[in-house]
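Peer 1: Below you'll find start.pdb; it's PDB, C-alpha atoms.
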ATOM      1  CA  MET A  15     -20.211  35.828  25.128
ATOM      2  CA  ASN A  16     -22.409  32.892  26.078
ATOM      3  CA  LEU A  17     -24.075  31.513  22.966
ATOM      4  CA  PHE A  18     -26.493  29.592  25.170
ATOM      5  CA  ALA A  19     -27.557  32.393  27.512
ATOM      6  CA  ASP A  20     -31.257  32.075  26.669
ATOM      7  CA  THR A  21     -31.375  28.280  26.916
ATOM      8  CA  ASP A  22     -29.581  27.493  30.183
ATOM      9  CA  LEU A  23     -31.356  24.730  32.096
ATOM     10  CA  GLN A  24     -31.656  25.509  35.783
ATOM     11  CA  LEU A  25     -30.807  22.314  37.652
ATOM     12  CA  PRO A  26     -28.968  22.332  40.985
ATOM     13  CA  ASP A  27     -25.338  21.166  40.886
ATOM     14  CA  ALA A  28     -25.361  21.137  37.092
ATOM     15  CA  GLU A  29     -24.504  23.273  34.087
ATOM     16  CA  LEU A  30     -26.553  22.310  31.040
ATOM     17  CA  GLN A  31     -27.060  24.448  27.991
ATOM     18  CA  LEU A  32     -29.330  23.501  25.096
ATOM     19  CA  GLN A  33     -29.493  25.199  21.730
ATOM     20  CA  ALA A  34     -32.453  23.582  19.982
ATOM     21  CA  GLN A  35     -31.694  24.901  16.494
ATOM     22  CA  TRP A  36     -27.917  25.071  16.578
ATOM     23  CA  LEU A  37     -27.667  23.647  13.061
ATOM     24  CA  ASP A  38     -29.793  24.521  10.052
ATOM     25  CA  ALA A  39     -31.998  21.721   8.735
ATOM     26  CA  ALA A  40     -30.273  21.326   5.368
ATOM     27  CA  THR A  41     -26.810  20.907   6.932
ATOM     28  CA  ALA A  42     -28.198  18.575   9.604
ATOM     29  CA  ASP A  43     -29.842  16.436   6.910
ATOM     30  CA  ARG A  44     -26.623  16.237   4.906
ATOM     31  CA  TRP A  45     -24.455  15.367   7.908
ATOM     32  CA  LEU A  46     -26.910  12.695   9.038
ATOM     33  CA  GLN A  47     -26.971  10.974   5.648
ATOM     34  CA  GLN A  48     -23.212  11.108   5.161
ATOM     35  CA  LEU A  49     -22.330   9.918   8.659
ATOM     36  CA  ILE A  50     -24.749   6.991   8.627
ATOM     37  CA  ALA A  51     -23.422   5.873   5.239
ATOM     38  CA  GLN A  52     -19.695   6.440   5.865
ATOM     39  CA  THR A  53     -19.215   5.260   9.458
ATOM     40  CA  PRO A  54     -17.844   1.729  10.089
ATOM     41  CA  TRP A  55     -20.445   0.930  12.741
ATOM     42  CA  GLU A  56     -19.812  -1.626  15.473
ATOM     43  CA  GLN A  57     -22.046  -3.228  18.079
ATOM     44  CA  PRO A  58     -19.712  -4.197  20.937
ATOM     45  CA  GLN A  59     -20.706  -6.544  23.709
ATOM     46  CA  VAL A  60     -20.649  -5.761  27.412
ATOM     47  CA  ARG A  61     -20.481  -8.339  30.180
ATOM     48  CA  LEU A  62     -23.109  -8.302  32.913
ATOM     49  CA  TYR A  63     -23.154 -10.964  35.605
ATOM     50  CA  GLY A  64     -20.902 -13.206  33.537
ATOM     51  CA  ARG A  65     -22.928 -12.982  30.326
ATOM     52  CA  ALA A  66     -22.197 -10.995  27.174
ATOM     53  CA  TYR A  67     -24.861  -8.695  25.736
ATOM     54  CA  PRO A  68     -24.667  -6.514  22.613
ATOM     55  CA  VAL A  69     -25.094  -2.830  23.379
ATOM     56  CA  PRO A  70     -28.550  -1.697  22.156
ATOM     57  CA  ARG A  71     -27.235   0.698  19.476
ATOM     58  CA  LEU A  72     -24.368   0.992  16.984
ATOM     59  CA  VAL A  73     -21.234   2.936  17.918
ATOM     60  CA  ALA A  74     -17.960   4.348  16.588
ATOM     61  CA  TRP A  75     -15.164   6.271  18.369
ATOM     62  CA  TYR A  76     -13.060   8.837  16.494
ATOM     63  CA  GLY A  77     -10.327  11.045  17.859
ATOM     64  CA  ASP A  78      -6.762  12.231  17.978
ATOM     65  CA  ALA A  79      -4.250   9.369  17.917
ATOM     66  CA  GLU A  80      -3.678   9.440  21.687
ATOM     67  CA  ALA A  81      -7.361   9.704  22.650
ATOM     68  CA  SER A  82      -8.207   6.136  23.610
ATOM     69  CA  TYR A  83     -11.325   5.953  25.763
ATOM     70  CA  ARG A  84     -12.484   3.309  28.228
ATOM     71  CA  TYR A  85     -16.128   3.013  29.252
ATOM     72  CA  SER A  86     -18.488   0.140  30.098
ATOM     73  CA  GLY A  87     -15.450  -2.082  30.562
ATOM     74  CA  LEU A  88     -14.281  -1.589  26.963
ATOM     75  CA  THR A  89     -11.270   0.360  25.700
ATOM     76  CA  HIS A  90     -11.895   2.091  22.387
ATOM     77  CA  GLN A  91      -8.979   3.044  20.134
ATOM     78  CA  PRO A  92      -9.835   6.081  18.008
ATOM     79  CA  LEU A  93     -10.453   5.999  14.304
ATOM     80  CA  PRO A  94      -8.745   8.924  12.535
ATOM     81  CA  TRP A  95     -10.820  12.033  11.919
ATOM     82  CA  THR A  96     -12.605  12.158   8.586
ATOM     83  CA  PRO A  97     -12.796  15.562   6.851
ATOM     84  CA  LEU A  98     -16.480  15.807   7.778
ATOM     85  CA  LEU A  99     -15.968  14.922  11.443
ATOM     86  CA  ALA A 100     -13.001  17.307  11.662
ATOM     87  CA  GLU A 101     -15.246  20.120  10.392
ATOM     88  CA  ILE A 102     -18.029  19.200  12.834
ATOM     89  CA  ARG A 103     -15.508  19.093  15.685
ATOM     90  CA  ARG A 104     -14.229  22.569  14.760
ATOM     91  CA  ARG A 105     -17.730  24.040  14.857
ATOM     92  CA  VAL A 106     -18.764  22.255  18.084
ATOM     93  CA  ALA A 107     -15.523  23.215  19.866
ATOM     94  CA  ALA A 108     -16.061  26.858  18.904
ATOM     95  CA  ALA A 109     -19.615  26.756  20.287
ATOM     96  CA  ALA A 110     -18.552  24.981  23.492
ATOM     97  CA  GLY A 111     -15.486  27.153  24.040
ATOM     98  CA  GLN A 112     -13.139  24.235  24.644
ATOM     99  CA  ALA A 113     -10.796  22.012  22.653
ATOM    100  CA  LEU A 114     -12.202  18.536  21.985
ATOM    101  CA  ASN A 115     -10.127  15.532  20.918
ATOM    102  CA  GLY A 116     -12.616  12.672  20.620
ATOM    103  CA  VAL A 117     -16.185  11.945  19.592
ATOM    104  CA  LEU A 118     -18.426   8.965  20.282
ATOM    105  CA  LEU A 119     -21.039   8.337  17.596
ATOM    106  CA  ASN A 120     -24.170   6.503  18.756
ATOM    107  CA  TYR A 121     -26.637   5.343  16.105
ATOM    108  CA  TYR A 122     -30.146   4.641  17.387
ATOM    109  CA  ARG A 123     -31.802   2.752  14.543
ATOM    110  CA  ASP A 124     -35.301   2.811  16.069
ATOM    111  CA  GLY A 125     -37.093   3.048  19.416
ATOM    112  CA  ASN A 126     -35.627  -0.277  20.565
ATOM    113  CA  ASP A 127     -32.125   1.199  20.601
ATOM    114  CA  SER A 128     -31.257   2.972  23.827
ATOM    115  CA  MET A 129     -28.626   4.192  26.299
ATOM    116  CA  GLY A 130     -28.932   3.164  29.942
ATOM    117  CA  TRP A 131     -28.463   5.355  33.004
ATOM    118  CA  HIS A 132     -24.892   6.578  33.390
ATOM    119  CA  SER A 133     -22.654   9.560  34.084
ATOM    120  CA  ASP A 134     -19.753  10.581  31.874
ATOM    121  CA  ASP A 135     -17.360  10.543  34.810
ATOM    122  CA  GLU A 136     -14.474   8.369  33.639
ATOM    123  CA  ALA A 137     -11.130   9.416  35.134
ATOM    124  CA  GLU A 138      -9.592  10.252  31.745
ATOM    125  CA  LEU A 139     -12.173  13.031  31.250
ATOM    126  CA  GLY A 140     -10.825  15.046  34.188
ATOM    127  CA  ARG A 141     -12.581  16.474  37.235
ATOM    128  CA  ASN A 142     -15.324  18.565  35.608
ATOM    129  CA  PRO A 143     -15.681  17.199  32.086
ATOM    130  CA  LEU A 144     -17.370  19.005  29.245
ATOM    131  CA  VAL A 145     -19.512  16.839  26.969
ATOM    132  CA  ALA A 146     -21.002  18.438  23.855
ATOM    133  CA  SER A 147     -23.807  16.387  22.332
ATOM    134  CA  LEU A 148     -24.927  17.020  18.745
ATOM    135  CA  ASN A 149     -28.205  15.379  17.774
ATOM    136  CA  LEU A 150     -29.198  14.463  14.221
ATOM    137  CA  GLY A 151     -32.298  12.642  12.986
ATOM    138  CA  GLY A 152     -35.312  11.577  15.009
ATOM    139  CA  THR A 153     -36.203  13.321  18.260
ATOM    140  CA  ARG A 154     -35.546  11.258  21.399
ATOM    141  CA  ARG A 155     -36.200  12.018  25.050
ATOM    142  CA  PHE A 156     -33.138  12.672  27.223
ATOM    143  CA  ASP A 157     -33.807  11.970  30.917
ATOM    144  CA  LEU A 158     -31.888  13.207  33.955
ATOM    145  CA  ARG A 159     -31.968  11.931  37.533
ATOM    146  CA  ARG A 160     -29.964  12.592  40.665
ATOM    147  CA  LYS A 161     -27.297  10.007  41.425
ATOM    148  CA  GLY A 162     -28.664   7.535  43.946
ATOM    149  CA  GLN A 163     -32.262   8.326  42.996
ATOM    150  CA  SER A 164     -34.659   6.424  40.727
ATOM    151  CA  ARG A 165     -37.048   9.248  39.863
ATOM    152  CA  ILE A 166     -36.585  11.156  36.610
ATOM    153  CA  GLU A 167     -36.235  14.828  37.579
ATOM    154  CA  HIS A 168     -36.007  16.423  34.163
ATOM    155  CA  SER A 169     -36.442  15.431  30.526
ATOM    156  CA  LEU A 170     -35.447  17.157  27.306
ATOM    157  CA  ALA A 171     -36.534  16.523  23.737
ATOM    158  CA  LEU A 172     -33.318  16.420  21.720
ATOM    159  CA  GLU A 173     -34.276  17.411  18.201
ATOM    160  CA  HIS A 174     -32.633  17.311  14.778
ATOM    161  CA  GLY A 175     -29.786  19.836  14.749
ATOM    162  CA  SER A 176     -29.773  20.542  18.500
ATOM    163  CA  LEU A 177     -26.634  20.891  20.618
ATOM    164  CA  LEU A 178     -26.584  20.064  24.342
ATOM    165  CA  VAL A 179     -23.510  21.006  26.383
ATOM    166  CA  MET A 180     -22.962  19.568  29.857
ATOM    167  CA  ARG A 181     -20.111  20.962  31.943
ATOM    168  CA  GLY A 182     -19.000  21.838  35.469
ATOM    169  CA  PRO A 183     -20.177  19.519  38.264
ATOM    170  CA  THR A 184     -22.988  17.904  36.222
ATOM    171  CA  GLN A 185     -21.446  14.431  35.977
ATOM    172  CA  HIS A 186     -20.709  14.315  39.730
ATOM    173  CA  TYR A 187     -24.365  14.657  40.711
ATOM    174  CA  TRP A 188     -26.485  13.569  37.752
ATOM    175  CA  GLN A 189     -27.093  10.568  35.517
ATOM    176  CA  HIS A 190     -28.741  10.576  32.108
ATOM    177  CA  GLN A 191     -30.323   8.088  29.734
ATOM    178  CA  VAL A 192     -32.054   7.685  26.375
ATOM    179  CA  ALA A 193     -34.757   5.133  27.142
ATOM    180  CA  LYS A 194     -36.401   2.684  24.780
ATOM    181  CA  THR A 195     -39.692   3.912  23.377
ATOM    182  CA  ARG A 196     -42.694   2.321  21.700
ATOM    183  CA  THR A 197     -43.489   5.603  19.998
ATOM    184  CA  PRO A 198     -42.487   5.379  16.328
ATOM    185  CA  CYS A 199     -39.334   7.416  15.747
ATOM    186  CA  ALA A 200     -36.927   8.035  12.908
ATOM    187  CA  PRO A 201     -33.306   6.844  13.146
ATOM    188  CA  ARG A 202     -31.186   9.129  15.335
ATOM    189  CA  LEU A 203     -27.480   9.855  15.360
ATOM    190  CA  ASN A 204     -25.861  11.381  18.456
ATOM    191  CA  LEU A 205     -22.292  12.708  18.445
ATOM    192  CA  THR A 206     -20.834  13.312  21.911
ATOM    193  CA  PHE A 207     -17.585  15.252  21.819
ATOM    194  CA  ARG A 208     -15.139  15.051  24.724
ATOM    195  CA  LEU A 209     -11.656  16.064  25.793
ATOM    196  CA  ILE A 210      -9.622  13.021  26.838
ATOM    197  CA  ARG A 211      -7.115  14.433  29.335
ATOM    198  CA  SER A 212      -5.336  11.228  30.379
ATOM    199  CA  PRO A 213      -5.846   8.458  27.796
ATOM    200  CA  SER A 214      -6.737   5.033  29.169
TER     201      SER A 214
END
Using the file provided, produce a representation of the structure as C-alpha cells.
Peer 2:
Amino acid sequence: MNLFADTDLQLPDAELQLQAQWLDAATADRWLQQLIAQTPWEQPQVRLYGRAYPVPRLVAWYGDAEASYRYSGLTHQPLPWTPLLAEIRRRVAAAAGQALNGVLLNYYRDGNDSMGWHSDDEAELGRNPLVASLNLGGTRRFDLRRKGQSRIEHSLALEHGSLLVMRGPTQHYWQHQVAKTRTPCAPRLNLTFRLIRSPS
C-alpha cells in the first residue's frame, strides 16, 4: 500500500511523495515546541574560499551510535535518540517503508535562515538514498532544479505537519534548496531522516 498514492509529484528521473497533512496540528504544535526547547542547537562554520562562514540556520544530528554523517566538509557525530525523536523516527520509518538510523534537525529562525542548493548524495547514504523530511512550524518554499541547470523547475510549499519523501534516483539528477525570503514567516523546524549505510 502506498500511503502517498494521491500526492506523487511527477518529475522525470525522480520519486517525490508529499503528504501535506501527515501529522495532526495538535501533535505538530507539541513536537515543534518540545524540539525547539530541548535540542542543543549548534551553528557550525563551513569554509569557502579559505574563509569560515556560519551556516545560516541552527542544526543538530541525532542517530544510532554508528551513524556519523559527513556533509559540507564537516563530520557530525550523532547525539543519542531522545524518547521524542525515537517516537518520531518510528512513525516516519513506518510511513516511508524503510529503516532510518539518523536525523538532521534544521532550525530556520526566520526568513534570513536558509539552505543552499545541494543534493543528498553523500557516499554513506548509498546509491539511491531515501530522505524523509518532516516539516514543523512556518511554511517555507522548497525549490527543485536539474543538476547543472540554474532555473527552478518546481517548487513546493512545505507546511506545518507535512512529510516529503525523496527516494530512487532523485538525488542523482536533482538539487533542492530553501531560499531566503523577505516574506514574514514563523520559525520552522525541518527533520530529515536518513539511513547511513557506511558511516563516515
Peer 1: Going by the chain IDs and residue numbers used in this file, which residues fall under the PyMOL selection byres ((chain A and resi 59) around 6)? Write them as a PyMOL selection string.
Peer 2: chain A and resi 58+60+66-69
Peer 1: Selection in question (the file shown): the PyMOL selection byres ((chain A and resi 210) around 9). Which residues does it include, as a list in words?
Peer 2: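 So the PyMOL selection byres ((chain A and resi 210) around 9), applied here, picks out Glu80, Ala81, Ser82, Tyr83, Leu114, Asn115, Gly116, Glu138, Leu139, Gly140, Arg208, Leu209, Arg211, Ser212, Pro213 and Ser214 of chain A.
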Peer 1: Check which residues of stretch 110-168 of chain A sit at most 12 Å from stretch 93-104 of chain A using only C-alpha atoms, and return one row each with the closest pair of atoms and their distance in Å to one decimal, ordered by chain and rising number, as CSV.
Peer 2:
residue,atom,partner,partner_atom,distance
A:Ala110,CA,A:Arg104,CA,10.0
A:Gly111,CA,A:Arg104,CA,10.4
A:Gln112,CA,A:Arg104,CA,10.1
A:Ala113,CA,A:Arg104,CA,8.6
A:Leu114,CA,A:Arg103,CA,7.1
A:Asn115,CA,A:Arg103,CA,8.3
A:Gly116,CA,A:Arg103,CA,8.6
A:Val117,CA,A:Arg103,CA,8.2
A:Leu118,CA,A:Leu93,CA,10.4
A:Leu119,CA,A:Leu99,CA,10.3
A:Ala146,CA,A:Arg103,CA,9.9
A:Ser147,CA,A:Arg103,CA,11.0
A:Leu148,CA,A:Ile102,CA,9.3
A:Asn149,CA,A:Ile102,CA,11.9
Peer 1: Near A:Ala40, within 12 Å and counting all atoms listed in the file, which residues show up once chain neighbours fewer than 4 positions away are dropped, as a ChimeraX atom specification?
Peer 2: /A:35,44-47,150-151,174-175
Peer 1: Mind pulling up the distance from atom CA of A:Arg71 to atom CA of A:Tyr122?
Peer 2: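 Calculated distance between atom CA of A:Tyr122 and atom CA of A:Arg71 is 5.3 Å.
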Peer 1: What residues come out when you apply the PyMOL selection byres ((chain A and resi 177-191) around 9) to this file, written as an mmCIF file with C-alpha atoms, in the frame of the given file?
Peer 2:
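expr19.cif written:
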data_model
loop_
_atom_site.group_PDB
_atom_site.id
_atom_site.type_symbol
_atom_site.label_atom_id
_atom_site.label_comp_id
_atom_site.auth_asym_id
_atom_site.auth_seq_id
_atom_site.Cartn_x
_atom_site.Cartn_y
_atom_site.Cartn_z
ATOM 1 C CA PRO A 26 -28.968 22.332 40.985
ATOM 2 C CA ASP A 27 -25.338 21.166 40.886
ATOM 3 C CA ALA A 28 -25.361 21.137 37.092
ATOM 4 C CA GLU A 29 -24.504 23.273 34.087
ATOM 5 C CA LEU A 30 -26.553 22.310 31.040
ATOM 6 C CA GLN A 31 -27.060 24.448 27.991
ATOM 7 C CA LEU A 32 -29.330 23.501 25.096
ATOM 8 C CA GLN A 33 -29.493 25.199 21.730
ATOM 9 C CA ALA A 34 -32.453 23.582 19.982
ATOM 10 C CA GLN A 35 -31.694 24.901 16.494
ATOM 11 C CA TRP A 36 -27.917 25.071 16.578
ATOM 12 C CA LEU A 37 -27.667 23.647 13.061
ATOM 13 C CA VAL A 106 -18.764 22.255 18.084
ATOM 14 C CA ALA A 110 -18.552 24.981 23.492
ATOM 15 C CA SER A 128 -31.257 2.972 23.827
ATOM 16 C CA MET A 129 -28.626 4.192 26.299
ATOM 17 C CA GLY A 130 -28.932 3.164 29.942
ATOM 18 C CA TRP A 131 -28.463 5.355 33.004
ATOM 19 C CA HIS A 132 -24.892 6.578 33.390
ATOM 20 C CA SER A 133 -22.654 9.560 34.084
ATOM 21 C CA ASP A 134 -19.753 10.581 31.874
ATOM 22 C CA ASP A 135 -17.360 10.543 34.810
ATOM 23 C CA ARG A 141 -12.581 16.474 37.235
ATOM 24 C CA ASN A 142 -15.324 18.565 35.608
ATOM 25 C CA PRO A 143 -15.681 17.199 32.086
ATOM 26 C CA LEU A 144 -17.370 19.005 29.245
ATOM 27 C CA VAL A 145 -19.512 16.839 26.969
ATOM 28 C CA ALA A 146 -21.002 18.438 23.855
ATOM 29 C CA SER A 147 -23.807 16.387 22.332
ATOM 30 C CA LEU A 148 -24.927 17.020 18.745
ATOM 31 C CA ASN A 149 -28.205 15.379 17.774
ATOM 32 C CA ARG A 155 -36.200 12.018 25.050
ATOM 33 C CA PHE A 156 -33.138 12.672 27.223
ATOM 34 C CA ASP A 157 -33.807 11.970 30.917
ATOM 35 C CA LEU A 158 -31.888 13.207 33.955
ATOM 36 C CA ARG A 159 -31.968 11.931 37.533
ATOM 37 C CA ARG A 160 -29.964 12.592 40.665
ATOM 38 C CA LYS A 161 -27.297 10.007 41.425
ATOM 39 C CA GLY A 162 -28.664 7.535 43.946
ATOM 40 C CA LEU A 172 -33.318 16.420 21.720
ATOM 41 C CA GLU A 173 -34.276 17.411 18.201
ATOM 42 C CA GLY A 175 -29.786 19.836 14.749
ATOM 43 C CA SER A 176 -29.773 20.542 18.500
ATOM 44 C CA VAL A 192 -32.054 7.685 26.375
ATOM 45 C CA ALA A 193 -34.757 5.133 27.142
#
Peer 1: For the atom pair atom CA of A:Thr206 and atom CA of A:Thr89, what is the interatomic distance in Å to one decimal place?
Peer 2: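 These atoms are spaced 16.5 Å apart.
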Peer 1: Using all atoms listed in the file, which of the listed residues (A:Tyr85, A:Ala39, A:Ser169, A:Tyr121) sits closest to A:Leu72?
Peer 2: A:Tyr121
Peer 1: How many Å separate atom CA of A:Gln24 from atom CA of A:Arg154?
Peer 2: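 Distance between the two atoms: 20.6 Å.
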Peer 1: Please put the answer as AutoDock Vina command-line options: centre and edge lengths, in Å with one decimal, of a box along x, y and z that encloses all listed atoms of stretch 184-201 of chain A plus 4 Å on each side.
Peer 2:
--center_x -32.1 --center_y 10.1 --center_z 26.8 --size_x 30.8 --size_y 23.6 --size_z 35.8
Peer 1: Could I get stretch 39-76 of chain A from the block written out with C-alpha atoms, as an mmCIF file, in the first residue's frame?
Peer 2:
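The resulting file, selection_34.cif, is reproduced below:
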data_model
loop_
_atom_site.group_PDB
_atom_site.id
_atom_site.type_symbol
_atom_site.label_atom_id
_atom_site.label_comp_id
_atom_site.auth_asym_id
_atom_site.auth_seq_id
_atom_site.Cartn_x
_atom_site.Cartn_y
_atom_site.Cartn_z
ATOM 1 C CA ALA A 39 -1.982 20.117 14.074
ATOM 2 C CA ALA A 40 -2.021 19.497 17.826
ATOM 3 C CA THR A 41 0.762 16.881 17.655
ATOM 4 C CA ALA A 42 2.768 19.038 15.242
ATOM 5 C CA ASP A 43 2.467 22.007 17.616
ATOM 6 C CA ARG A 44 3.605 19.929 20.583
ATOM 7 C CA TRP A 45 6.567 18.394 18.755
ATOM 8 C CA LEU A 46 7.668 21.796 17.466
ATOM 9 C CA GLN A 47 7.649 23.381 20.922
ATOM 10 C CA GLN A 48 9.402 20.473 22.611
ATOM 11 C CA LEU A 49 12.093 20.058 19.962
ATOM 12 C CA ILE A 50 12.967 23.750 19.805
ATOM 13 C CA ALA A 51 13.249 23.891 23.598
ATOM 14 C CA GLN A 52 15.079 20.585 24.163
ATOM 15 C CA THR A 53 17.581 20.460 21.290
ATOM 16 C CA PRO A 54 21.213 21.524 21.938
ATOM 17 C CA TRP A 55 21.404 23.660 18.801
ATOM 18 C CA GLU A 56 24.697 24.394 17.065
ATOM 19 C CA GLN A 57 25.671 26.756 14.268
ATOM 20 C CA PRO A 58 28.742 25.173 12.649
ATOM 21 C CA GLN A 59 31.011 27.023 10.281
ATOM 22 C CA VAL A 60 31.851 25.984 6.740
ATOM 23 C CA ARG A 61 34.922 27.084 4.818
ATOM 24 C CA LEU A 62 34.501 28.709 1.417
ATOM 25 C CA TYR A 63 37.490 30.037 -0.489
ATOM 26 C CA GLY A 64 39.615 29.987 2.651
ATOM 27 C CA ARG A 65 37.137 31.844 4.858
ATOM 28 C CA ALA A 66 34.852 30.474 7.563
ATOM 29 C CA TYR A 67 31.138 31.284 7.483
ATOM 30 C CA PRO A 68 28.428 30.201 9.937
ATOM 31 C CA VAL A 69 25.719 28.125 8.297
ATOM 32 C CA PRO A 70 22.534 30.244 8.003
ATOM 33 C CA ARG A 71 20.437 28.105 10.386
ATOM 34 C CA LEU A 72 20.831 26.057 13.574
ATOM 35 C CA VAL A 73 21.422 22.305 13.359
ATOM 36 C CA ALA A 74 21.635 19.088 15.380
ATOM 37 C CA TRP A 75 22.380 15.493 14.280
ATOM 38 C CA TYR A 76 20.886 12.530 16.155
#
